[in-house]
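Dumped structure_20.json below, it's JSON, C-alpha atoms and all ligand atoms:
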[["chain", "number", "residue", "atom", "x", "y", "z"],
["A", 1409, "MET", "CA", -7.91, 51.52, 57.60],
["A", 1410, "GLY", "CA", -6.56, 54.92, 58.56],
["A", 1411, "LYS", "CA", -9.95, 56.11, 59.74],
["A", 1412, "THR", "CA", -10.88, 57.27, 63.22],
["A", 1413, "ALA", "CA", -13.76, 55.57, 65.01],
["A", 1414, "SER", "CA", -16.00, 58.57, 64.37],
["A", 1415, "GLU", "CA", -15.16, 58.74, 60.67],
["A", 1416, "LEU", "CA", -15.92, 55.06, 60.43],
["A", 1417, "ALA", "CA", -19.23, 55.55, 62.21],
["A", 1418, "ALA", "CA", -20.09, 58.41, 59.84],
["A", 1419, "PHE", "CA", -19.13, 56.19, 56.93],
["A", 1420, "VAL", "CA", -21.61, 53.51, 57.96],
["A", 1421, "GLY", "CA", -24.26, 56.12, 58.70],
["A", 1422, "GLN", "CA", -24.37, 55.78, 62.49],
["A", 1423, "HIS", "CA", -24.91, 59.47, 63.15],
["A", 1424, "GLU", "CA", -25.91, 59.05, 66.79],
["A", 1425, "CYS", "CA", -22.75, 57.05, 67.30],
["A", 1426, "VAL", "CA", -20.60, 59.76, 65.68],
["A", 1427, "CYS", "CA", -21.95, 62.27, 68.16],
["A", 1428, "ILE", "CA", -21.26, 60.10, 71.16],
["A", 1429, "ILE", "CA", -17.71, 59.37, 70.01],
["A", 1430, "ASN", "CA", -17.08, 63.04, 69.27],
["A", 1431, "ASN", "CA", -18.74, 64.24, 72.38],
["A", 1432, "HIS", "CA", -15.79, 65.38, 74.46],
["A", 1433, "ILE", "CA", -17.58, 68.29, 76.07],
["A", 1434, "SER", "CA", -18.12, 67.84, 79.79],
["A", 1435, "VAL", "CA", -20.27, 69.83, 82.20],
["A", 1436, "ASP", "CA", -17.07, 70.57, 84.15],
["A", 1437, "GLU", "CA", -15.53, 72.23, 81.12],
["A", 1438, "VAL", "CA", -18.51, 74.57, 80.73],
["A", 1439, "GLU", "CA", -18.51, 75.17, 84.48],
["A", 1440, "LYS", "CA", -14.80, 76.16, 84.34],
["A", 1441, "PHE", "CA", -15.43, 78.73, 81.60],
["A", 1442, "LEU", "CA", -18.31, 80.24, 83.58],
["A", 1443, "HIS", "CA", -16.69, 80.09, 87.02],
["A", 1444, "PRO", "CA", -12.90, 80.04, 86.52],
["A", 1445, "ASP", "CA", -12.29, 80.40, 90.28],
["A", 1446, "GLY", "CA", -15.12, 78.13, 91.36],
["A", 1447, "GLU", "CA", -17.20, 79.58, 94.17],
["A", 1448, "LYS", "CA", -14.74, 82.45, 94.53],
["A", 1449, "SER", "CA", -15.41, 83.63, 90.95],
["A", 1450, "GLU", "CA", -16.45, 87.26, 90.73],
["A", 1451, "GLU", "CA", -19.60, 86.51, 88.76],
["A", 1452, "GLN", "CA", -21.87, 83.63, 89.69],
["A", 1453, "TYR", "CA", -24.25, 82.03, 87.19],
["A", 1454, "PRO", "CA", -27.18, 79.71, 87.86],
["A", 1455, "PRO", "CA", -26.68, 75.94, 87.43],
["A", 1456, "GLU", "CA", -29.44, 75.99, 84.76],
["A", 1457, "LEU", "CA", -27.18, 78.17, 82.60],
["A", 1458, "VAL", "CA", -24.33, 75.66, 82.90],
["A", 1459, "LEU", "CA", -26.68, 72.84, 81.88],
["A", 1460, "PHE", "CA", -28.19, 74.88, 79.03],
["A", 1461, "ILE", "CA", -24.79, 75.68, 77.49],
["A", 1462, "HIS", "CA", -23.60, 72.11, 77.96],
["A", 1463, "ASP", "CA", -26.76, 70.79, 76.36],
["A", 1464, "ILE", "CA", -26.47, 73.11, 73.35],
["A", 1465, "CYS", "CA", -22.78, 72.24, 72.79],
["A", 1466, "LYS", "CA", -23.06, 68.49, 73.15],
["A", 1467, "SER", "CA", -26.25, 68.17, 71.13],
["A", 1468, "HIS", "CA", -25.99, 66.92, 67.57],
["A", 1469, "ARG", "CA", -28.99, 69.04, 66.59],
["A", 1470, "VAL", "CA", -27.58, 71.81, 64.43],
["A", 1471, "HIS", "CA", -30.83, 72.90, 62.81],
["A", 1472, "PRO", "CA", -31.32, 76.58, 63.77],
["A", 1473, "VAL", "CA", -34.96, 76.01, 64.72],
["A", 1474, "ALA", "CA", -33.97, 73.10, 67.02],
["A", 1475, "ILE", "CA", -31.37, 75.32, 68.71],
["A", 1476, "LEU", "CA", -33.93, 78.09, 69.11],
["A", 1477, "LEU", "CA", -36.58, 75.75, 70.50],
["A", 1478, "ARG", "CA", -34.04, 74.68, 73.16],
["A", 1479, "LEU", "CA", -33.44, 78.37, 73.89],
["A", 1480, "ALA", "CA", -37.19, 78.91, 74.18],
["A", 1481, "GLN", "CA", -37.25, 76.28, 76.96],
["A", 1482, "TYR", "CA", -34.78, 78.36, 78.97],
["A", 1483, "PRO", "CA", -35.24, 81.97, 77.82],
["A", 1484, "ASP", "CA", -33.39, 83.20, 80.93],
["A", 1485, "ALA", "CA", -30.21, 82.26, 79.06],
["A", 1486, "LEU", "CA", -30.76, 85.52, 77.15],
["A", 1487, "LYS", "CA", -30.12, 87.46, 80.35],
["A", 1488, "TYR", "CA", -26.57, 86.15, 80.06],
["A", 1489, "LYS", "CA", -26.35, 86.27, 76.27],
["A", 1490, "LYS", "CA", -22.78, 87.64, 76.13],
["A", 1491, "LYS", "CA", -21.61, 84.93, 78.51],
["A", 1492, "VAL", "CA", -23.39, 82.21, 76.52],
["A", 1493, "LEU", "CA", -21.63, 83.33, 73.33],
["A", 1494, "TYR", "CA", -18.31, 83.60, 75.17],
["A", 1495, "VAL", "CA", -18.52, 80.05, 76.55],
["A", 1496, "VAL", "CA", -19.65, 78.44, 73.28],
["A", 1497, "ASP", "CA", -16.85, 80.34, 71.53],
["A", 1498, "ARG", "CA", -14.31, 79.03, 74.05],
["A", 1499, "VAL", "CA", -15.56, 75.45, 73.67],
["A", 1500, "PHE", "CA", -15.23, 75.85, 69.89],
["A", 1501, "GLU", "CA", -11.73, 77.36, 70.17],
["A", 1502, "ARG", "CA", -10.64, 74.59, 72.48],
["A", 1503, "GLN", "CA", -11.89, 72.02, 70.01],
["A", 1504, "LEU", "CA", -9.91, 73.65, 67.20],
["A", 1505, "ARG", "CA", -6.73, 73.72, 69.25],
["A", 1506, "CYS", "CA", -6.91, 70.38, 71.02],
["A", 1507, "LYS", "CA", -4.54, 67.59, 70.01],
["A", 1508, "GLU", "CA", -7.18, 65.33, 68.53],
["A", 1509, "SER", "CA", -8.92, 68.28, 66.87],
["A", 1510, "ASN", "CA", -11.91, 66.95, 65.04],
["A", 1511, "GLU", "CA", -13.32, 68.61, 61.93],
["A", 1512, "VAL", "CA", -16.83, 67.26, 62.44],
["A", 1513, "MET", "CA", -17.00, 68.53, 65.99],
["A", 1514, "SER", "CA", -15.49, 71.91, 65.04],
["A", 1515, "LEU", "CA", -17.98, 72.43, 62.22],
["A", 1516, "LYS", "CA", -20.88, 71.44, 64.45],
["A", 1517, "LEU", "CA", -19.84, 73.86, 67.20],
["A", 1518, "TRP", "CA", -19.25, 76.65, 64.68],
["A", 1519, "ILE", "CA", -22.77, 76.30, 63.25],
["A", 1520, "ILE", "CA", -24.25, 76.36, 66.76],
["A", 1521, "LEU", "CA", -22.19, 79.45, 67.62],
["A", 1522, "HIS", "CA", -23.13, 81.23, 64.39],
["A", 1523, "VAL", "CA", -26.84, 80.51, 64.89],
["A", 1524, "LEU", "CA", -26.73, 81.77, 68.49],
["A", 1525, "ARG", "CA", -24.89, 84.95, 67.42],
["A", 1526, "GLU", "CA", -27.40, 85.70, 64.68],
["A", 1527, "ALA", "CA", -30.37, 84.90, 66.94],
["A", 1528, "ILE", "CA", -29.06, 87.24, 69.64],
["A", 1529, "LYS", "CA", -28.45, 89.98, 67.06],
["A", 1530, "PHE", "CA", -32.04, 89.58, 65.82],
["A", 1531, "ILE", "CA", -33.40, 89.61, 69.39],
["A", 1532, "GLU", "CA", -31.45, 92.77, 70.27],
["A", 1533, "GLU", "CA", -32.75, 94.56, 67.16],
["A", 1534, "LYS", "CA", -36.35, 93.70, 68.02],
["A", 1535, "ASN", "CA", -36.03, 95.19, 71.48],
["A", 1536, "GLU", "CA", -38.84, 92.95, 72.71],
["A", 1537, "LYS", "CA", -39.50, 92.68, 76.46],
["A", 1538, "ASP", "CA", -40.42, 88.99, 76.56],
["A", 1539, "PRO", "CA", -37.42, 86.92, 75.35],
["A", 1540, "ALA", "CA", -39.45, 83.72, 74.77],
["A", 1541, "THR", "CA", -41.74, 85.60, 72.36],
["A", 1542, "VAL", "CA", -38.89, 87.01, 70.35],
["A", 1543, "VAL", "CA", -37.25, 83.57, 70.04],
["A", 1544, "THR", "CA", -40.50, 82.32, 68.50],
["A", 1545, "VAL", "CA", -40.58, 85.36, 66.20],
["A", 1546, "TYR", "CA", -37.07, 84.50, 64.99],
["A", 1547, "CYS", "CA", -38.09, 80.85, 64.40],
["A", 1548, "LYS", "CA", -41.01, 82.04, 62.27],
["A", 1549, "PHE", "CA", -38.71, 84.42, 60.38],
["A", 1550, "LEU", "CA", -36.45, 81.46, 59.52],
["A", 1551, "LEU", "CA", -39.37, 79.25, 58.51],
["A", 1552, "GLN", "CA", -40.88, 81.77, 56.07],
["A", 1553, "MET", "CA", -41.62, 80.21, 52.69],
["A", 1554, "GLU", "CA", -43.64, 81.37, 49.69],
["A", 1555, "PRO", "CA", -45.75, 79.12, 47.46],
["A", 1556, "ASP", "CA", -43.28, 79.09, 44.57],
["A", 1557, "GLN", "CA", -40.32, 78.21, 46.82],
["A", 1558, "GLN", "CA", -38.86, 74.80, 47.66],
["A", 1559, "VAL", "CA", -36.39, 76.26, 50.14],
["A", 1560, "ARG", "CA", -36.83, 78.59, 53.12],
["A", 1561, "PRO", "CA", -34.83, 81.68, 52.06],
["A", 1562, "ASN", "CA", -33.96, 83.10, 55.51],
["A", 1563, "LEU", "CA", -32.91, 79.70, 56.86],
["A", 1564, "GLU", "CA", -30.87, 79.00, 53.74],
["A", 1565, "THR", "CA", -29.09, 82.39, 54.00],
["A", 1566, "LEU", "CA", -28.30, 81.82, 57.67],
["A", 1567, "LEU", "CA", -26.78, 78.38, 57.08],
["A", 1568, "ARG", "CA", -24.90, 79.35, 53.91],
["A", 1569, "ASN", "CA", -23.36, 82.26, 55.81],
["A", 1570, "ALA", "CA", -22.52, 79.97, 58.73],
["A", 1571, "VAL", "CA", -20.59, 77.62, 56.44],
["A", 1572, "ARG", "CA", -18.91, 80.44, 54.51],
["A", 1573, "SER", "CA", -17.62, 82.05, 57.70],
["A", 1574, "PHE", "CA", -16.18, 78.86, 59.22],
["A", 1575, "PRO", "CA", -12.69, 80.01, 60.20],
["A", 1576, "TYR", "CA", -10.96, 76.63, 59.87],
["A", 1577, "HIS", "CA", -10.07, 76.85, 56.18],
["A", 1578, "HIS", "CA", -7.55, 73.99, 56.19],
["A", 1579, "SER", "CA", -10.37, 71.58, 56.90],
["A", 1580, "LEU", "CA", -11.06, 69.16, 54.08],
["A", 1581, "LEU", "CA", -14.60, 68.76, 55.36],
["A", 1582, "PHE", "CA", -15.11, 72.53, 55.07],
["A", 1583, "GLU", "CA", -13.61, 72.70, 51.58],
["A", 1584, "THR", "CA", -15.85, 69.88, 50.34],
["A", 1585, "LEU", "CA", -18.92, 71.43, 51.94],
["A", 1586, "VAL", "CA", -18.28, 74.91, 50.50],
["A", 1587, "LYS", "CA", -17.73, 73.48, 47.02],
["A", 1588, "ALA", "CA", -20.88, 71.36, 47.22],
["A", 1589, "ILE", "CA", -23.05, 74.29, 48.36],
["A", 1590, "ALA", "CA", -21.55, 76.68, 45.80],
["A", 1591, "LYS", "CA", -22.63, 74.35, 42.98],
["A", 1592, "VAL", "CA", -26.29, 74.69, 43.95],
["A", 1593, "PRO", "CA", -27.97, 77.99, 43.00],
["A", 1594, "PHE", "CA", -29.50, 79.84, 45.95],
["A", 1595, "MET", "CA", -33.07, 78.62, 46.62],
["A", 1596, "SER", "CA", -32.54, 75.27, 44.89],
["A", 1597, "ARG", "CA", -32.27, 71.84, 46.55],
["A", 1598, "PRO", "CA", -30.33, 70.24, 48.17],
["A", 1599, "THR", "CA", -30.45, 72.83, 50.92],
["A", 1600, "ALA", "CA", -27.46, 74.00, 52.95],
["A", 1601, "TYR", "CA", -28.93, 72.06, 55.92],
["A", 1602, "GLU", "CA", -28.98, 68.85, 53.90],
["A", 1603, "PHE", "CA", -25.32, 69.35, 52.92],
["A", 1604, "ILE", "CA", -24.34, 70.16, 56.51],
["A", 1605, "VAL", "CA", -26.09, 67.07, 57.89],
["A", 1606, "GLN", "CA", -24.40, 64.96, 55.24],
["A", 1607, "SER", "CA", -20.99, 66.40, 56.19],
["A", 1608, "LEU", "CA", -21.54, 65.85, 59.88],
["A", 1609, "PHE", "CA", -23.20, 62.46, 59.88],
["A", 1610, "GLY", "CA", -22.28, 60.77, 56.62],
["A", 1611, "HIS", "CA", -23.80, 60.39, 53.18],
["A", 1612, "ARG", "CA", -26.23, 57.65, 54.04],
["A", 1613, "ILE", "CA", -28.24, 59.76, 56.45],
["A", 1614, "LEU", "CA", -29.93, 61.69, 53.62],
["A", 1615, "ALA", "CA", -30.99, 58.51, 51.90],
["A", 1616, "CYS", "CA", -32.11, 56.74, 55.09],
["A", 1617, "SER", "CA", -33.83, 59.48, 57.00],
["A", 1618, "LYS", "CA", -36.57, 62.04, 56.55],
["A", 1619, "PHE", "CA", -35.92, 65.30, 58.37],
["A", 1620, "CYS", "CA", -38.60, 67.28, 60.13],
["A", 1621, "ALA", "CA", -39.46, 70.22, 57.87],
["A", 1622, "THR", "CA", -39.58, 72.52, 60.90],
["A", 1623, "CYS", "CA", -36.75, 71.54, 63.25],
["A", 1624, "GLY", "CA", -34.60, 69.20, 61.15],
["A", 1625, "THR", "CA", -34.90, 66.20, 63.50],
["A", 1626, "PRO", "CA", -34.04, 62.98, 61.64],
["A", 1627, "ASN", "CA", -36.43, 60.03, 61.36],
["A", 1628, "ALA", "CA", -39.47, 62.30, 61.21],
["A", 1629, "ASP", "CA", -42.32, 59.80, 61.01],
["A", 1630, "LYS", "CA", -45.31, 62.12, 60.67],
["A", 1631, "LYS", "CA", -46.25, 63.84, 57.44],
["A", 1632, "CYS", "CA", -48.65, 66.31, 55.91],
["A", 1633, "PRO", "CA", -51.50, 64.13, 54.59],
["A", 1634, "ASN", "CA", -51.70, 66.13, 51.37],
["A", 1635, "CYS", "CA", -48.11, 66.74, 50.23],
["A", 1636, "LYS", "CA", -46.20, 64.26, 52.46],
["A", 1637, "PHE", "CA", -43.89, 66.97, 53.90],
["A", 1638, "PRO", "CA", -42.24, 65.24, 56.91],
["A", 1639, "TYR", "CA", -42.61, 66.39, 60.52],
["A", 1640, "CYS", "CA", -41.32, 64.96, 63.81],
["A", 1641, "SER", "CA", -44.38, 65.94, 65.84],
["A", 1642, "ARG", "CA", -47.81, 67.57, 65.72],
["A", 1643, "ASP", "CA", -46.24, 70.62, 67.40],
["A", 1644, "CYS", "CA", -43.75, 71.08, 64.58],
["A", 1645, "GLN", "CA", -46.50, 70.66, 61.99],
["A", 1646, "LYS", "CA", -48.68, 73.21, 63.76],
["A", 1647, "PHE", "CA", -45.78, 75.63, 64.12],
["A", 1648, "ASP", "CA", -45.11, 75.55, 60.37],
["A", 1649, "TRP", "CA", -48.76, 75.58, 59.28],
["A", 1650, "VAL", "CA", -48.96, 79.35, 58.73],
["A", 1651, "PHE", "CA", -46.35, 79.02, 55.95],
["A", 1652, "HIS", "CA", -47.03, 75.48, 54.86],
["A", 1653, "LYS", "CA", -50.70, 76.02, 54.03],
["A", 1654, "LYS", "CA", -49.63, 78.41, 51.25],
["A", 1655, "CYS", "CA", -47.08, 75.97, 49.80],
["A", 1656, "CYS", "CA", -48.74, 72.59, 50.39],
["A", 1657, "ASP", "CA", -50.26, 72.21, 46.92],
["A", 1658, "SER", "CA", -47.15, 73.29, 45.05],
["A", 1659, "ILE", "CA", -45.01, 70.90, 47.14],
["A", 1660, "LYS", "CA", -47.45, 68.13, 46.30],
["A", 1661, "GLY", "CA", -47.02, 69.02, 42.61],
["A", 1662, "TRP", "CA", -43.23, 68.82, 42.88],
["A", 1663, "ASN", "CA", -43.42, 65.48, 44.66],
["A", 1664, "VAL", "CA", -45.62, 64.05, 41.91],
["A", 1665, "GLN", "CA", -43.18, 65.41, 39.30],
["A", 1666, "GLN", "CA", -40.24, 63.81, 41.13],
["A", 1667, "GLU", "CA", -42.01, 60.47, 41.31],
["A", 1668, "GLU", "CA", -42.70, 60.68, 37.58],
["A", 1669, "GLN", "CA", -39.02, 61.42, 36.95],
["A", 1670, "VAL", "CA", -37.98, 58.41, 39.03],
["A", 1671, "MET", "CA", -40.45, 56.27, 37.10],
["A", 1672, "SER", "CA", -39.09, 57.44, 33.79],
["A", 1673, "ILE", "CA", -35.49, 56.68, 34.85],
["A", 1674, "GLU", "CA", -36.60, 53.19, 35.86],
["A", 1675, "ASP", "CA", -38.35, 52.82, 32.50],
["A", 1676, "LEU", "CA", -35.22, 53.97, 30.75],
["A", 1677, "GLN", "CA", -33.10, 51.48, 32.70],
["A", 1678, "SER", "CA", -35.41, 48.63, 31.86],
["A", 1679, "GLN", "CA", -35.31, 49.68, 28.20],
["A", 1680, "LEU", "CA", -31.51, 49.75, 28.32],
["A", 1681, "GLY", "CA", -31.60, 46.32, 29.95],
["A", 1682, "GLN", "CA", -33.68, 45.00, 27.10],
["A", 1683, "ILE", "CA", -31.24, 46.42, 24.55],
["A", 1684, "ASN", "CA", -28.31, 44.76, 26.37],
["A", 1685, "VAL", "CA", -30.08, 41.41, 26.30],
["B", 1701, "ZN", "ZN", -39.70, 68.84, 64.36],
["B", 1702, "ZN", "ZN", -48.67, 69.72, 52.86]]

Could you quickly redo this structure as structure tokens?
Ligand SMILES: [Zn+2]
Ligand SMILES: [Zn+2]
Amino acid sequence: MGKTASELAAFVGQHECVCIINNHISVDEVEKFLHPDGEKSEEQYPPELVLFIHDICKSHRVHPVAILLRLAQYPDALKYKKKVLYVVDRVFERQLRCKESNEVMSLKLWIILHVLREAIKFIEEKNEKDPATVVTVYCKFLLQMEPDQQVRPNLETLLRNAVRSFPYHHSLLFETLVKAIAKVPFMSRPTAYEFIVQSLFGHRILACSKFCATCGTPNADKKCPNCKFPYCSRDCQKFDWVFHKKCCDSIKGWNVQQEEQVMSIEDLQSQLGQINV
């Protein structure tokens, strides 16, 4: 069929499967970048840092808030922020140059790298003493949303910039993604995140899965009782509440409008069916 196993998995919508197939990153590889001479290396880093970087690189969670929530679990990583960026950059470079270079994996790693770079820039500008607090502040900055908006502007800007700056311009995946995003005016749906997820995990994922409105986790099975905005957990719902409470009613209005549109298309189809008969 001329397709790789991962492309095939993406085609049938098995996004978890795609990640496992594409997941060539080993703990040893991260360890080598951190400690090139093993125990004799000049600088020694804690094992938690090795695991943190490995976890971030192998994860299929590319939503900026999900990446930041992982960082919030191990804020000490920020003590080694330059090293974290260096290692993720090396893993990305290696992926680009390796023989079975994989566009999906490269794009995923690039987004993770871009998000980490921007988060660290933000954290440095804030000059805050407690790193965990400033990670949360950045999450809230990304989640900001006003009542008349369907898209989170800061999150959208971050992800659009991430895609635009992807350095692997020969990639067909990149070209398709850039074209698709460029067609949608800023602040309209589908969002850059929705396009990215579709590029990484296949078209069917958008149709089959609801993504947590806070952290982008697929199969979010909780929802706001009023407007049906999806969430993966009570924590994510609570985290977003400060913004969501202002937008809840307008989102509900849009959802009703969408349902009415779907109904009218169905009506139209049935009318067309009757004409054909
Ligand atoms: Zn969530
Ligand atoms: Zn709501």

Between chain A and ligand ZN 1701 (chain B), at 6 Å or less, what are the per-residue closest atom pairs and their distances in Å? Count only C-alpha atoms and all ligand atoms, order by chain and rising residue number, and return it as a Markdown table.
| residue | atom | partner | partner_atom | distance |
| --- | --- | --- | --- | --- |
| A:Cys1620 | CA | B:ZN1701 | ZN | 4.6 |
| A:Thr1622 | CA | B:ZN1701 | ZN | 5.1 |
| A:Cys1623 | CA | B:ZN1701 | ZN | 4.2 |
| A:Thr1625 | CA | B:ZN1701 | ZN | 5.5 |
| A:Tyr1639 | CA | B:ZN1701 | ZN | 5.4 |
| A:Cys1640 | CA | B:ZN1701 | ZN | 4.2 |
| A:Ser1641 | CA | B:ZN1701 | ZN | 5.7 |
| A:Cys1644 | CA | B:ZN1701 | ZN | 4.6 |

Just to confirm, what's the straight-line distance from CA of Lys1587 (chain A) to CA of Gly1610 (chain A) in Å (one decimal)?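 Taking CA of Lys1587 (chain A) and CA of Gly1610 (chain A), their separation equals 16.6 Å.
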
Using only C-alpha atoms, pick whichever of A:Lys1516, A:Arg1505, A:Arg1612, A:His1652 has the shortest atom-to-atom distance to Gln1558 (chain A).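 Closest to Gln1558 (chain A) of all the choices is A:His1652.
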
Please identify every polymer residue within 10 Å of ligand ZN 1702 (chain B), using all atoms listed in the file, and present the set as a PDB file with C-alpha atoms, keeping the file's coordinate frame.
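Output below, filename result.pdb:
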ATOM      1  CA  LYS A1631     -46.250  63.840  57.440  1.00  0.00           C
ATOM      2  CA  CYS A1632     -48.650  66.310  55.910  1.00  0.00           C
ATOM      3  CA  PRO A1633     -51.500  64.130  54.590  1.00  0.00           C
ATOM      4  CA  ASN A1634     -51.700  66.130  51.370  1.00  0.00           C
ATOM      5  CA  CYS A1635     -48.110  66.740  50.230  1.00  0.00           C
ATOM      6  CA  LYS A1636     -46.200  64.260  52.460  1.00  0.00           C
ATOM      7  CA  PHE A1637     -43.890  66.970  53.900  1.00  0.00           C
ATOM      8  CA  PRO A1638     -42.240  65.240  56.910  1.00  0.00           C
ATOM      9  CA  GLN A1645     -46.500  70.660  61.990  1.00  0.00           C
ATOM     10  CA  TRP A1649     -48.760  75.580  59.280  1.00  0.00           C
ATOM     11  CA  HIS A1652     -47.030  75.480  54.860  1.00  0.00           C
ATOM     12  CA  LYS A1653     -50.700  76.020  54.030  1.00  0.00           C
ATOM     13  CA  LYS A1654     -49.630  78.410  51.250  1.00  0.00           C
ATOM     14  CA  CYS A1655     -47.080  75.970  49.800  1.00  0.00           C
ATOM     15  CA  CYS A1656     -48.740  72.590  50.390  1.00  0.00           C
ATOM     16  CA  ASP A1657     -50.260  72.210  46.920  1.00  0.00           C
ATOM     17  CA  SER A1658     -47.150  73.290  45.050  1.00  0.00           C
ATOM     18  CA  ILE A1659     -45.010  70.900  47.140  1.00  0.00           C
ATOM     19  CA  LYS A1660     -47.450  68.130  46.300  1.00  0.00           C
TER      20      LYS A1660
END

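A straight line drawn from CA of Leu1524 (chain A) to CA of Leu1476 (chain A) is 8.1 Å long.
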
Radius query 8 Å about (-41.9, 78.6, 54.6), atoms used: only C-alpha atoms, as a ChimeraX atom specification: /A:1550-1554,1557,1559-1560,1648,1651-1652,1655

Could you check which of A:Tyr1546, A:Trp1518, A:Tyr1453, A:Phe1647 is closest to Ile1604 (chain A), using all atoms listed in the file?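 So, comparing all the options, the nearest one is A:Trp1518.
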
Need the axis-aligned box for region 1431-1445 of chain A with 8 Å each side, so what are the centre and edges in Å to one decimal, as lines of an AutoDock Vina configuration file?
center_x = -16.3
center_y = 72.3
center_z = 81.3
size_x = 24.0
size_y = 32.2
size_z = 33.9

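With all atoms listed in the file as the atoms that count, the minimum distance from Glu1511 (chain A) to the choices A:Tyr1494, A:Phe1574, A:Tyr1601, A:Trp1662 is reached by A:Phe1574.
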
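Counting from CA of Leu1608 (chain A), the distance to CA of Arg1642 (chain A) is 27.0 Å.
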
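Closest approach to Asn1510 (chain A) among A:His1432, A:Lys1630, A:Lys1646, A:His1471 is made by A:His1432 (distances from all atoms listed in the file).
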